[in-house]
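Undergrad: The following block contains the structure, expressed as structure tokens.
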There are 2 protein chains.
Amino acid sequence: MKDNLIKISHGGGGLIMHRLLNEEIIPVLSDRAQTVLEDAAVLDAPGAKLAFTTDSYVVNPLFFPGGDIGKLAICGTVNDLSMRGAKPLWISVGLIIEEGFSIADLRKILKSAKKAAEEAGVAIVAGDTKVVERGKADGLFINTSGVGVIREEPLISVAKAKPGDALIINGTIGDHGIAIVTYRETFPFKVSVESDCAPLSSLVETMLASGEVHALRDPTRGGLASALNEIADASKCSIEIWEESIPVRDEVRGICEVLGLDPLGVANEGKVLAAVKSEDAEEIVSKMRSQKYGSDSCVIGKVLEGPPGEVRLATSIGSRRILTMPSGEQLPRIC
Amino acid sequence: MKDNLIKISHGGGGLIMHRLLNEEIIPVLSDRAQTVLEDAAVLDAPGAKLAFTTDSYVVNPLFFPGGDIGKLAICGTVNDLSMRGAKPLWISVGLIIEEGFSIADLRKILKSAKKAAEEAGVAIVAGDTKVVERGKADGLFINTSGVGVIREEPLISVAKAKPGDALIINGTIGDHGIAIVTYRETFPFKVSVESDCAPLSSLVETMLASGEVHALRDPTRGGLASALNEIADASKCSIEIWEESIPVRDEVRGICEVLGLDPLGVANEGKVLAAVKSEDAEEIVSKMRSQKYGSDSCVIGKVLEGPPGEVRLATSIGSRRILTMPSGEQLPRIC
């Protein structure tokens, strides 16, 4: 690394983070030379194929419209397991609490985590609590790790999108990131965007039952742009996306314009991007629309033979541009 | 809770932490009303019984004699899985890094984690990296979660110690806590205590193969005193411990006297406390002594019918006293 200190952008979900992971972290920790960054690892346990994932949550503020760090921590890990076609079953909760943190707030956050776990059908089975001195953490950080059982063969993987596949999203993008930033900062105008934070286990189950699903990705840090680039890279294909088809709330679009953000790079916490067999796309979308977190599902693009790793955006004014992986941190501490 | 703010002692491994867990955290998150605090949860996966555990590491300083946060994070989670009689197999690593942290130090810590994982025979299969602003964390926090396969039936549990069992420890106690505190603080005299931080998977495997093991506990935060009280409580029996039999290094004893600490309450990171069938104790200890991390193994007490939850210490001067659960935090940020 040219720079020898960690920067905020190293946690941003974009190119700079991927470089840190690929140059400094994964080659040291992992035995697999070319690890594809999946949302969850697959464990070959005796008698069962399991998915295993971990995520730490450092979102600021801890409470935000549409959720809090407790709900977020459960949903994020449930969704990572779902992205491998696994049924999420067991979750661990590791708390790092700053001295002086309110026990009443802790209680609220844990209740919210429990409620999300109940909705997702997962049991919280392991935990850990650490306390650090005042000023050595920022209120509360939560790590959740999760284990699920994989029943789908062949394995769903970010590397399994195939030319011809249709790309599906289950609703509006950018809601989570914009909910956080507008709540965190002071704005001269009233905004009312809620985070989309939700457990997608049931929706994904419906998708798997409705057709042939090849790749799934939850577009969190780095947004839809990162998720699309990750699928195109890992699957060694190109992707075409139709700007007009991508659902974006008017408020989100407006705030993005004011802040100079691209909604395609803003984090989501209740979205799934899927590459599915094109013949099955209509049926899958129709079944998704009957679900709580899938009512705005639609096809937003397709997978092509073209140059591996290339994502092209067909804009609403009829032009085409390359949609690159966002480089760094549009919005820090978003999850 | 009477106090409505989190205190450092809430993370100390003693009575105050247990109250937080039992009154505020576990009843909210868990479905089991009376959860015994095991080192790892047991998952009934299809075709396999698994152990699952999580721990966050906030040790200060990050590098200390005998180890660093990377080695500690792997060993701690490997050991928690081993305490359920599981073979540790898969580990996740979640990093929370403070902006401005040295990438060279990160590299050293990850290499050390990898080395410990190799020694323990576990694969690091999942990870997550978050970055927070300068001043919002203390350099680096690491969460490790782990999954292992349980092959022992009946299950080894902190609640399974039986009257008559012999209690075994695999060596000197208090080394880790004293290594950290003497390195962290400035002392007017030279000290050279190294942390005992080590992966115990292989030692525990030897123990299980050598005799009937009922309960295992790694005496980390809260030290041997907490671990003994936890076994006595969960197993609803009493325990007698012989002070003269408990191995303590002279330096550790000396520093504890200067600092007003009880070595029995000081954290260990490479120790296992075992309750085993008394007829098998000699054979188990003898096999442990042939192992790298077991050369000073010995019997230090026994399990009795007596009042449930009571731990009695037979002192070297011939008296007896009740050894209670330490109340709070002797030494903060020890792991």
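Chain labels follow the order of the structure tokens: the first chain is A, the next B, and so on; residue numbering restarts at 1 in every chain, and ligands are counted from 1 in their shown order.
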I need the chain A residues near chain B as a PyMOL selection string; criterion: at most 7 Å, counting only C-alpha atoms.

TA: chain A and resi 4-8+10-11+24+28-30+40-41+46-48+53-56+92+94+99-104+107+110-111+114+124-133+135-138+143+145+333

Undergrad: Do a neighbour search on His176 in chain B at 6 Å with only C-alpha atoms, toss out local chain neighbours closer than 5 positions, and write the hits as a PDB file with N, CA, C and O atoms, in the first residue's frame.

TA:
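Now in out.pdb:
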```pdb
ATOM      1  N   SER B 195       2.480 -13.642  28.472  1.00  0.00           N
ATOM      2  CA  SER B 195       1.126 -14.182  28.389  1.00  0.00           C
ATOM      3  C   SER B 195       1.187 -15.671  28.066  1.00  0.00           C
ATOM      4  O   SER B 195       2.083 -16.122  27.351  1.00  0.00           O
ATOM      5  N   ASP B 196       0.232 -16.430  28.593  1.00  0.00           N
ATOM      6  CA  ASP B 196       0.154 -17.865  28.291  1.00  0.00           C
ATOM      7  C   ASP B 196      -0.678 -18.146  27.033  1.00  0.00           C
ATOM      8  O   ASP B 196      -0.888 -19.312  26.675  1.00  0.00           O
ATOM      9  N   ALA B 267      -6.819 -12.995  34.673  1.00  0.00           N
ATOM     10  CA  ALA B 267      -7.140 -13.706  33.428  1.00  0.00           C
ATOM     11  C   ALA B 267      -6.018 -14.589  32.900  1.00  0.00           C
ATOM     12  O   ALA B 267      -4.835 -14.261  33.026  1.00  0.00           O
ATOM     13  N   ASN B 268      -6.417 -15.702  32.307  1.00  0.00           N
ATOM     14  CA  ASN B 268      -5.527 -16.616  31.593  1.00  0.00           C
ATOM     15  C   ASN B 268      -6.023 -16.727  30.161  1.00  0.00           C
ATOM     16  O   ASN B 268      -7.212 -16.556  29.904  1.00  0.00           O
TER      17      ASN B 268
END
```

Undergrad: Choose the residue, out of A:Gly85, A:Pro61, A:Pro247, A:Pro308, that has the smallest atom-to-atom separation from Ile168 in chain A; count only C-alpha atoms.

TA: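 Answer, going by the shortest atom-to-atom distance: A:Pro247.
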
Undergrad: Tell me, which residues of range 139-279 of chain A carry DSSP alpha helix (DSSP H), written as a count of residues only?

TA: 45

Undergrad: Measure the distance from CA of Met83 in chain A to CA of Lys277 in chain A in Å and round it to one decimal.

TA: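 Atom-to-atom, CA of Met83 in chain A to CA of Lys277 in chain A, that is 16.4 Å.
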
Undergrad: Which residue, A:Val158, A:Met325, A:Val299, A:Val204, has the smallest gap to Glu244 in chain A when you use only C-alpha atoms?

TA: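 Of A:Val158, A:Met325, A:Val299, A:Val204, the one nearest Glu244 in chain A, counting only C-alpha atoms, is A:Val299.
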
Undergrad: If you measure from CA of Pro263 in chain A to CA of Ile173 in chain A, what distance in Å do you get, rounded to one decimal?

TA: 6.9 Å

Undergrad: Record the distance separating CA of Ala274 in chain B and CA of Leu216 in chain B, expressed in Å with one decimal.

TA: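 The value is 4.5 Å.
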
Undergrad: Could you pull out the strand (DSSP E) residues of range 225-318 of chain A, going by DSSP on the backbone, and write them as number ranges by chain?

TA: A: 238-242, 273-276, 298-304, 311-314

Undergrad: Show me, as a ChimeraX atom specification, the residues that have an atom within 12 Å of Ala234 in chain A when counting only C-alpha atoms, minus same-chain residues fewer than 6 positions from it.

TA: /A:34-38,157-162,215-217,226-228,308-310

Undergrad: Quick one: everything within 10 Å of Gly270 in chain A, counting only C-alpha atoms, minus sequence neighbours fewer than 4 positions away in the same chain. Send it as a ChimeraX atom specification.

TA: /A:72,75-76,79,170-173,175-176,195-200,218-220,293-294

Undergrad: A:Ile255, A:Ala73, A:Ile156, A:Met207: which is nearest Lys287 in chain A, counting only C-alpha atoms?

TA: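 Looking only at the distances to Lys287 in chain A, the closest residue turns out to be A:Met207.
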